[in-house]
>>> print(open('structure_19.csv').read())   # CSV, N, CA and C atoms
chain,number,residue,atom,x,y,z
N,1,MET,N,-9.6,-25.4,26.8
N,1,MET,CA,-10.5,-24.4,27.4
N,1,MET,C,-11.7,-24.2,26.5
N,2,ALA,N,-12.8,-24.5,27.0
N,2,ALA,CA,-14.1,-24.4,26.3
N,2,ALA,C,-15.0,-23.3,27.0
N,3,PHE,N,-15.6,-22.5,26.2
N,3,PHE,CA,-16.5,-21.4,26.7
N,3,PHE,C,-17.7,-21.3,25.9
N,4,PRO,N,-18.8,-20.7,26.5
N,4,PRO,CA,-20.1,-20.6,25.8
N,4,PRO,C,-20.1,-19.6,24.7
N,5,ILE,N,-21.2,-19.5,24.0
N,5,ILE,CA,-21.4,-18.6,22.9
N,5,ILE,C,-21.3,-17.2,23.3
N,6,GLY,N,-21.8,-16.8,24.5
N,6,GLY,CA,-21.7,-15.4,24.9
N,6,GLY,C,-20.3,-14.9,25.0
N,7,GLU,N,-19.4,-15.8,25.5
N,7,GLU,CA,-18.0,-15.5,25.6
N,7,GLU,C,-17.3,-15.4,24.3
N,8,LEU,N,-17.7,-16.2,23.4
N,8,LEU,CA,-17.2,-16.2,22.0
N,8,LEU,C,-17.6,-14.8,21.4
N,9,SER,N,-18.8,-14.4,21.6
N,9,SER,CA,-19.4,-13.2,21.1
N,9,SER,C,-18.5,-12.0,21.7
N,10,ARG,N,-18.3,-12.0,23.0
N,10,ARG,CA,-17.5,-11.0,23.6
N,10,ARG,C,-16.1,-10.9,23.1
N,11,GLN,N,-15.5,-12.0,22.9
N,11,GLN,CA,-14.1,-12.0,22.4
N,11,GLN,C,-13.9,-11.6,21.0
N,12,THR,N,-15.0,-11.8,20.2
N,12,THR,CA,-14.9,-11.5,18.7
N,12,THR,C,-15.7,-10.3,18.3
N,13,ALA,N,-16.5,-9.7,19.2
N,13,ALA,CA,-17.4,-8.6,18.8
N,13,ALA,C,-18.4,-9.0,17.7
N,14,VAL,N,-18.8,-10.3,17.7
N,14,VAL,CA,-19.8,-10.8,16.8
N,14,VAL,C,-21.0,-11.2,17.6
N,15,LYS,N,-22.1,-10.7,17.2
N,15,LYS,CA,-23.4,-10.9,18.0
N,15,LYS,C,-23.7,-12.4,17.9
N,16,VAL,N,-24.4,-12.9,19.0
N,16,VAL,CA,-24.8,-14.3,19.1
N,16,VAL,C,-25.6,-14.8,17.9
N,17,PRO,N,-26.6,-14.0,17.5
N,17,PRO,CA,-27.4,-14.5,16.4
N,17,PRO,C,-26.6,-14.7,15.1
N,18,THR,N,-25.6,-13.8,14.9
N,18,THR,CA,-24.7,-13.9,13.8
N,18,THR,C,-23.8,-15.1,13.9
N,19,ILE,N,-23.3,-15.4,15.0
N,19,ILE,CA,-22.6,-16.7,15.2
N,19,ILE,C,-23.4,-17.9,14.9
N,20,ARG,N,-24.6,-17.9,15.4
N,20,ARG,CA,-25.5,-19.0,15.0
N,20,ARG,C,-25.8,-19.1,13.5
N,21,TYR,N,-26.0,-18.0,12.9
N,21,TYR,CA,-26.2,-17.9,11.4
N,21,TYR,C,-24.9,-18.5,10.7
N,22,TYR,N,-23.7,-18.1,11.1
N,22,TYR,CA,-22.5,-18.6,10.5
N,22,TYR,C,-22.4,-20.1,10.7
N,23,GLU,N,-22.8,-20.6,11.8
N,23,GLU,CA,-22.9,-22.1,12.0
N,23,GLU,C,-23.9,-22.7,11.1
N,24,GLN,N,-25.0,-22.1,11.0
N,24,GLN,CA,-26.1,-22.6,10.1
N,24,GLN,C,-25.7,-22.7,8.6
N,25,ILE,N,-24.9,-21.7,8.1
N,25,ILE,CA,-24.5,-21.8,6.7
N,25,ILE,C,-23.2,-22.4,6.5
N,26,GLY,N,-22.6,-22.9,7.6
N,26,GLY,CA,-21.4,-23.7,7.5
N,26,GLY,C,-20.1,-22.9,7.4
N,27,LEU,N,-20.1,-21.6,7.7
N,27,LEU,CA,-18.9,-20.8,7.8
N,27,LEU,C,-18.1,-21.1,9.1
N,28,LEU,N,-18.8,-21.4,10.1
N,28,LEU,CA,-18.3,-21.8,11.4
N,28,LEU,C,-18.8,-23.2,11.7
N,29,PRO,N,-17.9,-24.1,12.0
N,29,PRO,CA,-18.4,-25.5,12.3
N,29,PRO,C,-19.3,-25.5,13.5
N,30,GLU,N,-20.3,-26.3,13.5
N,30,GLU,CA,-21.2,-26.4,14.6
N,30,GLU,C,-20.5,-26.8,15.8
N,31,ALA,N,-20.7,-26.1,16.9
N,31,ALA,CA,-20.0,-26.4,18.1
N,31,ALA,C,-20.5,-27.6,18.8
N,32,PRO,N,-19.5,-28.3,19.5
N,32,PRO,CA,-20.0,-29.4,20.4
N,32,PRO,C,-20.8,-28.8,21.5
N,33,ARG,N,-21.6,-29.7,22.1
N,33,ARG,CA,-22.5,-29.2,23.2
N,33,ARG,C,-22.1,-29.8,24.5
N,34,SER,N,-22.3,-29.1,25.6
N,34,SER,CA,-22.1,-29.5,26.9
N,34,SER,C,-23.2,-30.5,27.3
N,35,GLU,N,-23.1,-31.1,28.5
N,35,GLU,CA,-24.1,-32.0,29.0
N,35,GLU,C,-25.4,-31.2,29.2
N,36,GLY,N,-25.3,-29.9,29.4
N,36,GLY,CA,-26.5,-29.0,29.5
N,36,GLY,C,-27.0,-28.5,28.2
N,37,ASN,N,-26.4,-29.0,27.1
N,37,ASN,CA,-26.8,-28.6,25.7
N,37,ASN,C,-26.4,-27.2,25.4
N,38,ARG,N,-25.3,-26.7,26.0
N,38,ARG,CA,-24.8,-25.4,25.6
N,38,ARG,C,-23.7,-25.5,24.6
N,39,ARG,N,-23.6,-24.7,23.6
N,39,ARG,CA,-22.5,-24.7,22.7
N,39,ARG,C,-21.2,-24.3,23.4
N,40,LEU,N,-20.2,-25.0,23.1
N,40,LEU,CA,-18.9,-24.8,23.7
N,40,LEU,C,-17.8,-24.5,22.6
N,41,TYR,N,-17.0,-23.4,22.7
N,41,TYR,CA,-16.1,-23.0,21.7
N,41,TYR,C,-14.7,-22.9,22.3
N,42,GLY,N,-13.7,-22.9,21.4
N,42,GLY,CA,-12.3,-22.7,21.9
N,42,GLY,C,-11.6,-21.7,21.0
N,43,GLN,N,-10.3,-21.6,21.2
N,43,GLN,CA,-9.5,-20.6,20.5
N,43,GLN,C,-9.6,-20.7,19.0
N,44,ALA,N,-9.7,-21.9,18.4
N,44,ALA,CA,-9.8,-22.0,17.0
N,44,ALA,C,-11.0,-21.3,16.4
N,45,GLU,N,-12.1,-21.4,17.2
N,45,GLU,CA,-13.3,-20.7,16.7
N,45,GLU,C,-13.2,-19.2,16.9
N,46,VAL,N,-12.5,-18.8,17.9
N,46,VAL,CA,-12.2,-17.3,18.1
N,46,VAL,C,-11.5,-16.8,16.8
N,47,GLU,N,-10.4,-17.5,16.5
N,47,GLU,CA,-9.6,-17.1,15.3
N,47,GLU,C,-10.4,-17.1,14.0
N,48,ARG,N,-11.1,-18.2,13.8
N,48,ARG,CA,-11.9,-18.3,12.6
N,48,ARG,C,-13.0,-17.2,12.5
N,49,LEU,N,-13.7,-16.9,13.6
N,49,LEU,CA,-14.7,-15.9,13.6
N,49,LEU,C,-14.1,-14.5,13.5
N,50,ARG,N,-12.9,-14.3,14.0
N,50,ARG,CA,-12.3,-13.0,13.8
N,50,ARG,C,-11.9,-12.8,12.3
N,51,PHE,N,-11.5,-13.9,11.7
N,51,PHE,CA,-11.2,-13.9,10.2
N,51,PHE,C,-12.5,-13.5,9.4
N,52,ILE,N,-13.5,-14.2,9.8
N,52,ILE,CA,-14.8,-14.0,9.1
N,52,ILE,C,-15.3,-12.5,9.3
N,53,ARG,N,-15.2,-12.0,10.5
N,53,ARG,CA,-15.7,-10.7,10.8
N,53,ARG,C,-14.9,-9.7,10.1
N,54,HIS,N,-13.5,-9.8,10.1
N,54,HIS,CA,-12.7,-8.9,9.4
N,54,HIS,C,-12.9,-8.9,7.8
N,55,SER,N,-13.1,-10.1,7.3
N,55,SER,CA,-13.4,-10.2,5.9
N,55,SER,C,-14.7,-9.5,5.5
N,56,ARG,N,-15.7,-9.7,6.4
N,56,ARG,CA,-17.0,-9.0,6.2
N,56,ARG,C,-16.9,-7.5,6.3
N,57,GLU,N,-16.1,-7.0,7.2
N,57,GLU,CA,-15.8,-5.6,7.4
N,57,GLU,C,-15.2,-5.0,6.1
N,58,LEU,N,-14.3,-5.8,5.4
N,58,LEU,CA,-13.7,-5.4,4.2
N,58,LEU,C,-14.6,-5.6,3.0
N,59,GLY,N,-15.8,-6.1,3.2
N,59,GLY,CA,-16.8,-6.2,2.2
N,59,GLY,C,-16.9,-7.5,1.4
N,60,PHE,N,-16.1,-8.5,1.8
N,60,PHE,CA,-16.1,-9.8,1.1
N,60,PHE,C,-17.5,-10.4,1.2
N,61,GLU,N,-17.9,-11.1,0.2
N,61,GLU,CA,-19.2,-11.8,0.2
N,61,GLU,C,-19.0,-13.1,0.9
N,62,ILE,N,-20.1,-13.7,1.4
N,62,ILE,CA,-20.0,-15.0,2.2
N,62,ILE,C,-19.3,-16.1,1.4
N,63,GLU,N,-19.6,-16.2,0.1
N,63,GLU,CA,-19.0,-17.3,-0.7
N,63,GLU,C,-17.5,-17.1,-0.9
N,64,ASP,N,-17.1,-15.8,-1.0
N,64,ASP,CA,-15.7,-15.6,-1.1
N,64,ASP,C,-15.0,-15.9,0.2
N,65,ILE,N,-15.6,-15.6,1.3
N,65,ILE,CA,-15.1,-15.9,2.6
N,65,ILE,C,-15.0,-17.4,2.8
N,66,ARG,N,-16.0,-18.1,2.3
N,66,ARG,CA,-16.0,-19.6,2.4
N,66,ARG,C,-14.7,-20.1,1.7
N,67,GLU,N,-14.5,-19.6,0.5
N,67,GLU,CA,-13.3,-20.0,-0.3
N,67,GLU,C,-12.0,-19.7,0.4
N,68,LEU,N,-12.0,-18.4,0.9
N,68,LEU,CA,-10.7,-18.0,1.6
N,68,LEU,C,-10.4,-18.9,2.8
N,69,LEU,N,-11.5,-19.2,3.5
N,69,LEU,CA,-11.3,-20.1,4.7
N,69,LEU,C,-10.8,-21.5,4.2
N,70,SER,N,-11.3,-22.0,3.2
N,70,SER,CA,-10.9,-23.3,2.6
N,70,SER,C,-9.4,-23.2,2.2
N,71,MET,N,-9.0,-22.1,1.6
N,71,MET,CA,-7.6,-22.0,1.1
N,71,MET,C,-6.7,-21.8,2.3
N,72,ALA,N,-7.2,-21.1,3.3
N,72,ALA,CA,-6.4,-20.8,4.5
N,72,ALA,C,-6.0,-22.2,5.2
N,73,ALA,N,-6.9,-23.1,5.1
N,73,ALA,CA,-6.7,-24.5,5.7
N,73,ALA,C,-5.6,-25.3,4.9
N,74,GLN,N,-5.2,-24.8,3.8
N,74,GLN,CA,-4.1,-25.4,3.0
N,74,GLN,C,-3.0,-24.5,2.8
N,75,PRO,N,-2.2,-24.2,3.9
N,75,PRO,CA,-1.2,-23.1,3.8
N,75,PRO,C,-0.1,-23.3,2.8
N,76,GLN,N,0.1,-24.5,2.3
N,76,GLN,CA,1.2,-24.8,1.4
N,76,GLN,C,0.8,-24.6,-0.1
N,77,SER,N,-0.5,-24.5,-0.3
N,77,SER,CA,-0.9,-24.3,-1.7
N,77,SER,C,-0.7,-22.9,-2.2
N,78,SER,N,-0.8,-22.8,-3.5
N,78,SER,CA,-0.6,-21.5,-4.2
N,78,SER,C,-1.7,-20.5,-3.7
N,79,CYS,N,-1.3,-19.2,-3.7
N,79,CYS,CA,-2.2,-18.2,-3.3
N,79,CYS,C,-2.8,-17.5,-4.5
N,80,HIS,N,-2.7,-18.1,-5.7
N,80,HIS,CA,-3.3,-17.6,-6.9
N,80,HIS,C,-4.8,-17.3,-6.8
N,81,GLN,N,-5.5,-18.2,-6.2
N,81,GLN,CA,-6.9,-18.1,-6.1
N,81,GLN,C,-7.3,-17.0,-5.1
N,82,VAL,N,-6.5,-16.9,-4.0
N,82,VAL,CA,-6.7,-15.8,-3.0
N,82,VAL,C,-6.5,-14.5,-3.7
N,83,ASP,N,-5.4,-14.3,-4.5
N,83,ASP,CA,-5.2,-13.1,-5.2
N,83,ASP,C,-6.3,-12.8,-6.2
N,84,SER,N,-6.9,-13.8,-6.8
N,84,SER,CA,-8.0,-13.6,-7.8
N,84,SER,C,-9.2,-13.1,-7.0
N,85,ILE,N,-9.5,-13.7,-5.9
N,85,ILE,CA,-10.7,-13.2,-5.1
N,85,ILE,C,-10.5,-11.8,-4.7
N,86,ALA,N,-9.3,-11.5,-4.2
N,86,ALA,CA,-9.1,-10.1,-3.7
N,86,ALA,C,-9.1,-9.1,-4.9
N,87,ASN,N,-8.5,-9.5,-6.0
N,87,ASN,CA,-8.6,-8.6,-7.2
N,87,ASN,C,-10.0,-8.4,-7.7
N,88,ASN,N,-10.8,-9.4,-7.7
N,88,ASN,CA,-12.2,-9.3,-8.2
N,88,ASN,C,-12.9,-8.4,-7.2
N,89,HIS,N,-12.7,-8.5,-5.9
N,89,HIS,CA,-13.3,-7.7,-4.9
N,89,HIS,C,-12.9,-6.2,-5.1
N,90,LEU,N,-11.6,-6.0,-5.4
N,90,LEU,CA,-11.1,-4.6,-5.6
N,90,LEU,C,-11.8,-4.0,-6.8
N,91,ALA,N,-11.9,-4.8,-7.9
N,91,ALA,CA,-12.6,-4.3,-9.1
N,91,ALA,C,-14.0,-3.9,-8.8
N,92,GLU,N,-14.7,-4.6,-8.0
N,92,GLU,CA,-16.1,-4.3,-7.6
N,92,GLU,C,-16.1,-3.0,-6.8
N,93,ILE,N,-15.2,-2.9,-5.9
N,93,ILE,CA,-15.1,-1.6,-5.1
N,93,ILE,C,-14.9,-0.4,-6.0
N,94,ASP,N,-14.0,-0.6,-7.0
N,94,ASP,CA,-13.7,0.5,-7.9
N,94,ASP,C,-15.0,0.8,-8.7
N,95,ARG,N,-15.8,-0.2,-9.1
N,95,ARG,CA,-17.0,0.1,-9.8
N,95,ARG,C,-18.0,0.8,-8.9
N,96,ARG,N,-18.1,0.4,-7.7
N,96,ARG,CA,-19.0,1.1,-6.7
N,96,ARG,C,-18.6,2.6,-6.5
N,97,ILE,N,-17.2,2.8,-6.4
N,97,ILE,CA,-16.7,4.2,-6.2
N,97,ILE,C,-17.1,5.1,-7.4
N,98,VAL,N,-17.0,4.5,-8.6
N,98,VAL,CA,-17.4,5.3,-9.8
N,98,VAL,C,-18.9,5.6,-9.8
N,99,SER,N,-19.7,4.6,-9.4
N,99,SER,CA,-21.2,4.8,-9.3
N,99,SER,C,-21.5,5.8,-8.2
N,100,LEU,N,-20.9,5.7,-7.1
N,100,LEU,CA,-21.1,6.7,-6.0
N,100,LEU,C,-20.7,8.1,-6.3
N,101,THR,N,-19.6,8.2,-7.1
N,101,THR,CA,-19.1,9.5,-7.5
N,101,THR,C,-20.1,10.1,-8.4
N,102,LYS,N,-20.7,9.3,-9.3
N,102,LYS,CA,-21.8,9.9,-10.2
N,102,LYS,C,-23.0,10.3,-9.4
N,103,LEU,N,-23.4,9.5,-8.4
N,103,LEU,CA,-24.5,9.9,-7.6
N,103,LEU,C,-24.2,11.2,-6.9
N,104,LYS,N,-23.0,11.3,-6.3
N,104,LYS,CA,-22.7,12.5,-5.6
N,104,LYS,C,-22.7,13.8,-6.5
N,105,THR,N,-22.2,13.6,-7.7
N,105,THR,CA,-22.2,14.7,-8.7
N,105,THR,C,-23.6,15.1,-9.0
N,106,GLU,N,-24.5,14.1,-9.2
N,106,GLU,CA,-25.9,14.5,-9.6
N,106,GLU,C,-26.6,15.1,-8.4
N,107,LEU,N,-26.4,14.6,-7.2
N,107,LEU,CA,-27.1,15.2,-6.1
N,107,LEU,C,-26.6,16.6,-5.8
N,108,SER,N,-25.3,16.8,-6.0
N,108,SER,CA,-24.7,18.2,-5.8
N,108,SER,C,-25.3,19.1,-6.8
N,109,ARG,N,-25.4,18.7,-8.0
N,109,ARG,CA,-26.0,19.5,-9.1
N,109,ARG,C,-27.4,19.9,-8.7
N,110,MET,N,-28.2,18.9,-8.3
N,110,MET,CA,-29.6,19.1,-7.9
N,110,MET,C,-29.7,20.2,-6.8
N,111,ILE,N,-28.9,20.0,-5.8
N,111,ILE,CA,-28.9,20.9,-4.7
N,111,ILE,C,-28.5,22.3,-5.1
N,112,ASP,N,-27.4,22.4,-5.9
N,112,ASP,CA,-27.0,23.7,-6.4
N,112,ASP,C,-28.0,24.4,-7.2
N,113,GLU,N,-28.9,23.7,-7.9
N,113,GLU,CA,-29.9,24.3,-8.8
N,113,GLU,C,-31.2,24.7,-8.0
N,114,CYS,N,-31.2,24.3,-6.8
N,114,CYS,CA,-32.4,24.5,-5.9
N,114,CYS,C,-32.4,26.0,-5.6
N,115,GLY,N,-33.6,26.6,-5.7
N,115,GLY,CA,-33.8,28.0,-5.4
N,115,GLY,C,-34.1,28.2,-3.9
N,116,HIS,N,-34.1,27.2,-3.2
N,116,HIS,CA,-34.4,27.3,-1.7
N,116,HIS,C,-35.6,28.1,-1.4
N,117,GLY,N,-36.6,27.9,-2.3
N,117,GLY,CA,-37.9,28.6,-2.1
N,117,GLY,C,-38.9,27.7,-1.5
N,118,ARG,N,-40.0,27.5,-2.2
N,118,ARG,CA,-41.1,26.7,-1.8
N,118,ARG,C,-41.0,25.3,-2.5
N,119,VAL,N,-41.6,24.3,-1.9
N,119,VAL,CA,-41.5,22.9,-2.4
N,119,VAL,C,-42.1,22.9,-3.8
N,120,CYS,N,-43.2,23.6,-4.1
N,120,CYS,CA,-43.8,23.6,-5.4
N,120,CYS,C,-42.9,24.0,-6.5
N,121,ASP,N,-41.8,24.8,-6.1
N,121,ASP,CA,-40.8,25.2,-7.1
N,121,ASP,C,-39.5,24.5,-6.9
N,122,CYS,N,-39.4,23.5,-6.1
N,122,CYS,CA,-38.2,22.8,-5.7
N,122,CYS,C,-37.6,22.0,-6.9
N,123,ARG,N,-36.4,22.4,-7.3
N,123,ARG,CA,-35.7,21.7,-8.4
N,123,ARG,C,-35.3,20.3,-8.0
N,124,ILE,N,-35.1,20.0,-6.7
N,124,ILE,CA,-34.7,18.7,-6.3
N,124,ILE,C,-35.9,17.7,-6.5
N,125,ILE,N,-37.1,18.2,-6.0
N,125,ILE,CA,-38.3,17.4,-6.2
N,125,ILE,C,-38.6,17.1,-7.6
N,126,GLU,N,-38.4,18.2,-8.4
N,126,GLU,CA,-38.7,18.1,-9.9
N,126,GLU,C,-37.7,17.0,-10.5
N,127,ALA,N,-36.5,17.1,-10.2
N,127,ALA,CA,-35.5,16.1,-10.7
N,127,ALA,C,-35.8,14.7,-10.3
N,128,LEU,N,-36.1,14.6,-9.0
N,128,LEU,CA,-36.4,13.2,-8.5
N,128,LEU,C,-37.7,12.6,-9.2
N,129,ALA,N,-38.6,13.5,-9.6
N,129,ALA,CA,-39.8,13.0,-10.2
N,129,ALA,C,-39.6,12.6,-11.7
N,130,ASP,N,-38.5,13.1,-12.3
N,130,ASP,CA,-38.3,12.9,-13.7
N,130,ASP,C,-36.8,12.6,-14.0
N,131,HIS,N,-36.5,11.3,-14.1
N,131,HIS,CA,-35.1,10.8,-14.2
N,131,HIS,C,-34.5,11.4,-15.5
N,132,SER,N,-35.3,11.8,-16.5
N,132,SER,CA,-34.7,12.3,-17.7
N,132,SER,C,-34.0,13.6,-17.5
N,133,GLN,N,-34.3,14.3,-16.4
N,133,GLN,CA,-33.6,15.6,-16.1
N,133,GLN,C,-32.2,15.4,-15.5
N,134,CYS,N,-31.9,14.1,-15.2
N,134,CYS,CA,-30.5,13.9,-14.6
N,134,CYS,C,-29.5,14.0,-15.7
N,135,LEU,N,-28.3,14.5,-15.3
N,135,LEU,CA,-27.3,14.6,-16.3
N,135,LEU,C,-26.4,13.4,-16.4
N,136,THR,N,-26.4,12.5,-15.3
N,136,THR,CA,-25.6,11.3,-15.3
N,136,THR,C,-26.5,10.1,-15.2
N,137,ASP,N,-26.0,9.0,-15.7
N,137,ASP,CA,-26.7,7.7,-15.5
N,137,ASP,C,-26.3,7.1,-14.2
N,138,HIS,N,-27.2,6.7,-13.4
N,138,HIS,CA,-26.9,6.1,-12.1
N,138,HIS,C,-27.9,5.1,-11.7
>>> encode(input="structure_19.csv", output="C-alpha cells")
Amino acid sequence: MAFPIGELSRQTAVKVPTIRYYEQIGLLPEAPRSEGNRRLYGQAEVERLRFIRHSRELGFEIEDIRELLSMAAQPQSSCHQVDSIANNHLAEIDRRIVSLTKLKTELSRMIDECGHGRVCDCRIIEALADHSQCLTDH
C-alpha cells in the first residue's frame, strides 16, 4: 500500500516541509516516485516518522535520533549506547531546569522589587539595563 506525502503527513502529524527536510538530511529515506513523480510512502515510513516526531517532542537532537534509528535497526545488539544517549539527554534537561529555575528566581525578584509606579522609576527596567544588579548568574 503506497500513499502520497500528504497522507503520510496526516497519519503522522508531521508537516510536509518537515518530511521533505527529514528526507534531505537522511533521517527518512528518500521515497520512491510514482510515474507522475509523486513521492510514495508505506507503513515503514509512517512508523519511522512517528519515532522521529516523538523523539523530537522529547527534545532529542537530530544526531541523537539518527543514532537511535541506526541502533533500532539492530534489535539484537546491546542497548548500552541507547542508555548513554538517553542519560546524556536527561543530564542536559537537568542543566536546563537549573538554569530556568535561576531565571525564574531572578525575574520574580525583579517583579517583587518593582514599585509599580512610572517607567522612569521601574526596577525591572533598571535591572535589565545593568546585569550587575542581578543576584544570580544566568
>>> closest_residue(input="structure_19.csv", among="N:Glu7, N:His89, N:Val98, N:Glu23", to="N:Gly59", atoms="all atoms listed in the file")
N:His89
>>> atom_distance(input="structure_19.csv", atom1="atom C of N:Gln81", atom2="atom C of N:Val16")
29.5 Å
>>> atom_distance(input="structure_19.csv", atom1="atom CA of N:Leu40", atom2="atom CA of N:Ile5")
6.7 Å
>>> residues_around(input="structure_19.csv", residues="N:Ala13", least_positions_apart="5", cutoff="8 Å", atoms="all atoms listed in the file", output="PyMOL selection string")
chain N and resi 7-8+49-50+53
>>> atom_distance(input="structure_19.csv", atom1="atom C of N:Asp130", atom2="atom N of N:Ile97")
23.2 Å
>>> residues_around(input="structure_19.csv", residues="N:Asp83", least_positions_apart="6", cutoff="12 Å", atoms="only C-alpha atoms", output="ChimeraX atom specification")
/N:64,67-68,71,89-90
>>> select_by_dssp(input="structure_19.csv", residues="chain N", states="alpha helix (DSSP H)", output="PyMOL selection string")
chain N and resi 5-12+16-24+43-57+62-72+80-112+123-129
>>> residues_near_point(input="structure_19.csv", point="(-17.8, -19.1, 3.1)", cutoff="9 Å", atoms="only C-alpha atoms", output="ChimeraX atom specification")
/N:22,25-28,52,61-70
